[in-house]
Amino acid sequence: MPELPEVQTVVTQLGQKVVGKTVKIFWSDWKKKIFPTFAVFVKKVRGTAILGTRRFGKHIVIDLDNGYSIVVHLKMTGHFLVKHKNNRLSSAFTEDSKNGYIHHIFTFTDGMTLEFSDMRKFGWLRVVGTGEVETLPSIASLGIDALSPKLTQKHFHGLLSEKMKRPIGVVLLEQNLIAGIGNIYRSEALFLAGVLPTRHIETLTKNEWLKVLPAIKKVLRTAVRLRGTSDGDFRDTDGLEGRFQKTLHVYGRTGEPCKKCGTMILRKKIRQRSIFFCQKCQR
Ligand SMILES: [Zn+2]
């Protein structure tokens, strides 16, 4: 499931590729994920130019020049592909089956298309007034962004000190506390910090406290630079895999040797979601 780095990759790339383009047609064969309705969406979007792209947690926002914005959530397997006339048949798009589940297409007046591939079909698109974007319940409820400069050590300590009796690995997933971290990056960040995900926050030493936030930021920044993790369906807007999966230390590596100490990586389910760790490197 796309997390902050994957969504940021899409937002950055769309910012470079589609800003200034004018939407000619919008097509969909999965209208139940177009809100408020397909007809309203088409009416608000057609003929508008794209002003810019933004990110709120794991949401993508595409601002239009008519006072409306498109809010998108990729959910499990959604991703955007930008196709020019001359790259439409490129191997990245045609040979990778993950790019073959196109359910929504924006066609621009210059012939370029912005296509949404989504195998599981949970991803959604919603048009709202630009001024209402931050009042959407799923955005309004978000906590501070994990990469926000305002998320300082002091702020982080304050947020987590209200969750003392809970495991750090669980709390990091709470989007209403800190937005953008999911399964992959909580596992990797806690490995980097040397802290077991099952540790209750109240048991963290001062030294451990000082390691967790920098580890989160480092892992997320590196993943943004490598265009995210493609452990499953995620592809960037060129249809290409991200590169962070090559650097994973624990996530998805159950039974494989730890890259640092050789101990077998373990997996545990907490709240129905798998978390990965090395019991020697993490305490
Ligand atoms: Zn280890």
# chains A, B, ... in the order shown; residues from 1 in each chain; ligands from 1

call {"tool": "residues_near_ligand", "arguments": {"ligand": "ligand 1", "cutoff": "12 Å", "atoms": "only C-alpha atoms and all ligand atoms", "output": "compact mmCIF listing (two decimals) with N, CA and C atoms, in the first residue's frame"}}
result
# COMPACT_ATOMS: atom_id res chain seq x y z
N LEU A 190 12.02 1.63 12.66
CA LEU A 190 12.32 1.06 13.98
C LEU A 190 13.56 0.16 13.94
N PHE A 191 13.81 -0.46 12.79
CA PHE A 191 15.07 -1.21 12.65
C PHE A 191 16.25 -0.24 12.75
N LEU A 192 16.14 0.85 12.00
CA LEU A 192 17.22 1.85 11.99
C LEU A 192 17.45 2.43 13.39
N ALA A 193 16.36 2.60 14.14
CA ALA A 193 16.47 3.16 15.49
C ALA A 193 16.91 2.11 16.51
N GLY A 194 16.87 0.83 16.13
CA GLY A 194 17.26 -0.23 17.05
C GLY A 194 16.23 -0.52 18.13
N VAL A 195 14.97 -0.23 17.83
CA VAL A 195 13.89 -0.40 18.81
C VAL A 195 12.89 -1.45 18.32
N LEU A 196 12.55 -2.40 19.16
CA LEU A 196 11.55 -3.41 18.79
C LEU A 196 10.17 -2.76 18.68
N HIS A 249 15.68 -3.48 5.01
CA HIS A 249 16.41 -4.29 5.99
C HIS A 249 15.53 -5.37 6.60
N VAL A 250 14.27 -5.05 6.87
CA VAL A 250 13.41 -6.02 7.56
C VAL A 250 12.07 -6.26 6.84
N ARG A 253 11.06 -9.43 4.73
CA ARG A 253 12.25 -10.31 4.67
C ARG A 253 12.20 -11.44 5.71
N GLY A 255 12.49 -14.62 7.69
CA GLY A 255 13.28 -15.84 7.46
C GLY A 255 14.61 -15.59 6.77
N GLU A 256 14.80 -14.38 6.25
CA GLU A 256 16.08 -14.06 5.61
C GLU A 256 17.04 -13.51 6.66
N PRO A 257 18.35 -13.61 6.41
CA PRO A 257 19.31 -13.11 7.41
C PRO A 257 19.34 -11.59 7.47
N CYS A 258 19.45 -11.06 8.69
CA CYS A 258 19.60 -9.62 8.88
C CYS A 258 20.85 -9.16 8.14
N LYS A 259 20.75 -8.05 7.42
CA LYS A 259 21.89 -7.55 6.64
C LYS A 259 23.01 -7.05 7.54
N LYS A 260 22.68 -6.77 8.81
CA LYS A 260 23.70 -6.26 9.74
C LYS A 260 24.36 -7.38 10.53
N CYS A 261 23.54 -8.32 11.07
CA CYS A 261 24.09 -9.28 12.02
C CYS A 261 23.87 -10.75 11.63
N GLY A 262 23.09 -10.99 10.58
CA GLY A 262 22.90 -12.36 10.12
C GLY A 262 21.78 -13.12 10.82
N THR A 263 21.23 -12.56 11.89
CA THR A 263 20.11 -13.21 12.60
C THR A 263 18.87 -13.23 11.68
N MET A 264 18.07 -14.29 11.82
CA MET A 264 16.89 -14.40 10.96
C MET A 264 15.86 -13.31 11.27
N ILE A 265 15.36 -12.65 10.25
CA ILE A 265 14.34 -11.62 10.43
C ILE A 265 13.01 -12.28 10.80
N LEU A 266 12.35 -11.73 11.79
CA LEU A 266 11.09 -12.29 12.26
C LEU A 266 9.91 -11.41 11.86
N PHE A 276 7.92 -6.40 10.90
CA PHE A 276 9.14 -7.18 10.71
C PHE A 276 10.26 -6.57 11.55
N PHE A 277 11.11 -7.43 12.10
CA PHE A 277 12.20 -6.92 12.95
C PHE A 277 13.32 -7.94 13.11
N CYS A 278 14.46 -7.45 13.57
CA CYS A 278 15.59 -8.30 13.93
C CYS A 278 15.69 -8.25 15.44
N GLN A 279 15.59 -9.44 16.09
CA GLN A 279 15.56 -9.40 17.55
C GLN A 279 16.93 -9.17 18.16
N LYS A 280 17.96 -9.18 17.34
CA LYS A 280 19.29 -8.88 17.88
C LYS A 280 19.62 -7.39 17.71
N CYS A 281 19.33 -6.84 16.55
CA CYS A 281 19.64 -5.42 16.31
C CYS A 281 18.64 -4.49 16.98
N GLN A 282 17.46 -5.01 17.30
CA GLN A 282 16.43 -4.18 17.93
C GLN A 282 16.14 -4.69 19.33
N ARG A 283 16.01 -3.74 20.25
CA ARG A 283 15.76 -4.13 21.65
C ARG A 283 14.55 -3.46 22.23

call {"tool": "residues_around", "arguments": {"residues": "segment 162-166 of chain A", "least_positions_apart": "4", "cutoff": "10 Å", "atoms": "only C-alpha atoms", "output": "MDAnalysis selection string"}}
result
chainID A and resid 157:158 170:171 198:204

call {"tool": "select_by_dssp", "arguments": {"residues": "segment 23-123 of chain A", "states": "alpha helix (DSSP H)", "output": "list in words"}}
result
Phe38, Ala39, Val40, Phe41, Val42, Lys43, Lys44, Val45, Ser91, Ala92, Phe93 and Thr94 of chain A

call {"tool": "residues_around", "arguments": {"residues": "Gly228 of chain A", "least_positions_apart": "4", "cutoff": "8 Å", "atoms": "only C-alpha atoms", "output": "list in words"}}
result
Pro5, Glu6, Thr9, Ala223, Val224, Gly242, Arg243, Phe244 and Gln245 of chain A

call {"tool": "residues_around", "arguments": {"residues": "Val61 of chain A", "least_positions_apart": "5", "cutoff": "10 Å", "atoms": "only C-alpha atoms", "output": "ChimeraX atom specification"}}
result
/A:11,52-56,69-73,125-127,130,133

call {"tool": "write_last_selection", "arguments": {"atoms": "C-alpha atoms", "output": "mmCIF file, in the first residue's frame"}}
result
data_model
loop_
_atom_site.group_PDB
_atom_site.id
_atom_site.type_symbol
_atom_site.label_atom_id
_atom_site.label_comp_id
_atom_site.auth_asym_id
_atom_site.auth_seq_id
_atom_site.Cartn_x
_atom_site.Cartn_y
_atom_site.Cartn_z
ATOM 1 C CA VAL A 11 2.702 14.334 -6.539
ATOM 2 C CA GLY A 52 -0.633 22.360 -9.254
ATOM 3 C CA THR A 53 -0.361 19.208 -7.140
ATOM 4 C CA ARG A 54 -0.115 18.748 -3.377
ATOM 5 C CA ARG A 55 -0.028 15.978 -0.809
ATOM 6 C CA PHE A 56 -1.882 15.544 2.483
ATOM 7 C CA SER A 69 -9.627 20.292 -6.824
ATOM 8 C CA ILE A 70 -9.380 16.567 -7.448
ATOM 9 C CA VAL A 71 -8.535 14.545 -4.340
ATOM 10 C CA VAL A 72 -7.187 11.046 -4.976
ATOM 11 C CA HIS A 73 -6.379 8.113 -2.708
ATOM 12 C CA LEU A 125 -11.130 10.199 -6.983
ATOM 13 C CA ARG A 126 -13.260 13.040 -5.644
ATOM 14 C CA VAL A 127 -13.844 16.554 -6.908
ATOM 15 C CA THR A 130 -10.381 23.884 -3.462
ATOM 16 C CA VAL A 133 -10.020 20.084 0.532
#

call {"tool": "closest_residue", "arguments": {"among": "A:Thr94, A:Thr254, A:Thr222, A:Ser28", "to": "Lys268 of chain A", "atoms": "only C-alpha atoms"}}
result
A:Thr254

call {"tool": "atom_distance", "arguments": {"atom1": "atom CA of Glu241 of chain A", "atom2": "atom CA of Lys58 of chain A"}}
result
18.3 Å

call {"tool": "atom_distance", "arguments": {"atom1": "atom CA of Ala49 of chain A", "atom2": "atom CA of Lys21 of chain A"}}
result
5.4 Å

call {"tool": "select_by_dssp", "arguments": {"residues": "segment 26-199 of chain A", "states": "strand (DSSP E or B)", "output": "ChimeraX atom specification"}}
result
/A:26-28,34-35,49-56,59-64,68-73,79-83,102-108,113-117,124-129,144-145,167,178-179

call {"tool": "write_last_selection", "arguments": {"atoms": "C-alpha atoms", "output": "tab-separated table (two decimals), in the first residue's frame"}}
result
chain	number	residue	atom	x	y	z
A	26	PHE	CA	-12.51	12.09	-18.51
A	27	TRP	CA	-13.38	8.42	-18.96
A	28	SER	CA	-14.02	5.73	-16.35
A	34	ILE	CA	-15.68	8.61	-8.62
A	35	PHE	CA	-17.22	11.10	-6.15
A	49	ALA	CA	-6.45	23.53	-16.56
A	50	ILE	CA	-4.27	21.97	-13.86
A	51	LEU	CA	-2.68	24.54	-11.57
A	52	GLY	CA	-0.63	22.36	-9.25
A	53	THR	CA	-0.36	19.21	-7.14
A	54	ARG	CA	-0.11	18.75	-3.38
A	55	ARG	CA	-0.03	15.98	-0.81
A	56	PHE	CA	-1.88	15.54	2.48
A	59	HIS	CA	-3.83	11.84	-0.37
A	60	ILE	CA	-2.97	13.44	-3.72
A	61	VAL	CA	-4.58	16.82	-4.48
A	62	ILE	CA	-4.70	18.18	-8.04
A	63	ASP	CA	-5.82	21.83	-8.08
A	64	LEU	CA	-7.81	23.07	-11.08
A	68	TYR	CA	-12.14	22.99	-7.71
A	69	SER	CA	-9.63	20.29	-6.82
A	70	ILE	CA	-9.38	16.57	-7.45
A	71	VAL	CA	-8.53	14.54	-4.34
A	72	VAL	CA	-7.19	11.05	-4.98
A	73	HIS	CA	-6.38	8.11	-2.71
A	79	HIS	CA	-1.14	4.37	-9.44
A	80	PHE	CA	-1.10	7.08	-12.10
A	81	LEU	CA	0.57	6.70	-15.48
A	82	VAL	CA	1.34	9.67	-17.72
A	83	LYS	CA	1.42	8.73	-21.39
A	102	ILE	CA	-6.63	1.09	-16.34
A	103	HIS	CA	-9.99	2.23	-14.93
A	104	HIS	CA	-9.91	6.02	-15.24
A	105	ILE	CA	-8.39	8.20	-17.99
A	106	PHE	CA	-7.96	11.98	-18.25
A	107	THR	CA	-7.20	13.00	-21.85
A	108	PHE	CA	-5.62	16.44	-22.23
A	113	THR	CA	-3.24	11.06	-21.07
A	114	LEU	CA	-3.20	10.61	-17.30
A	115	GLU	CA	-4.34	7.06	-16.58
A	116	PHE	CA	-5.19	5.36	-13.28
A	117	SER	CA	-4.26	1.70	-13.06
A	124	TRP	CA	-10.89	6.75	-5.40
A	125	LEU	CA	-11.13	10.20	-6.98
A	126	ARG	CA	-13.26	13.04	-5.64
A	127	VAL	CA	-13.84	16.55	-6.91
A	128	VAL	CA	-14.36	19.25	-4.25
A	129	GLY	CA	-14.05	23.03	-3.98
A	144	ILE	CA	1.21	16.36	11.48
A	145	ASP	CA	2.99	15.21	8.33
A	167	PRO	CA	3.53	-0.37	21.43
A	178	ILE	CA	1.53	11.48	12.46
A	179	ALA	CA	0.49	11.26	8.80

call {"tool": "atom_distance", "arguments": {"atom1": "atom CA of Leu74 of chain A", "atom2": "atom CA of Leu213 of chain A"}}
result
25.9 Å

call {"tool": "closest_residue", "arguments": {"among": "A:Gly111, A:Gly100, A:Gly57, A:Gly67", "to": "Leu4 of chain A", "atoms": "only C-alpha atoms"}}
result
A:Gly57
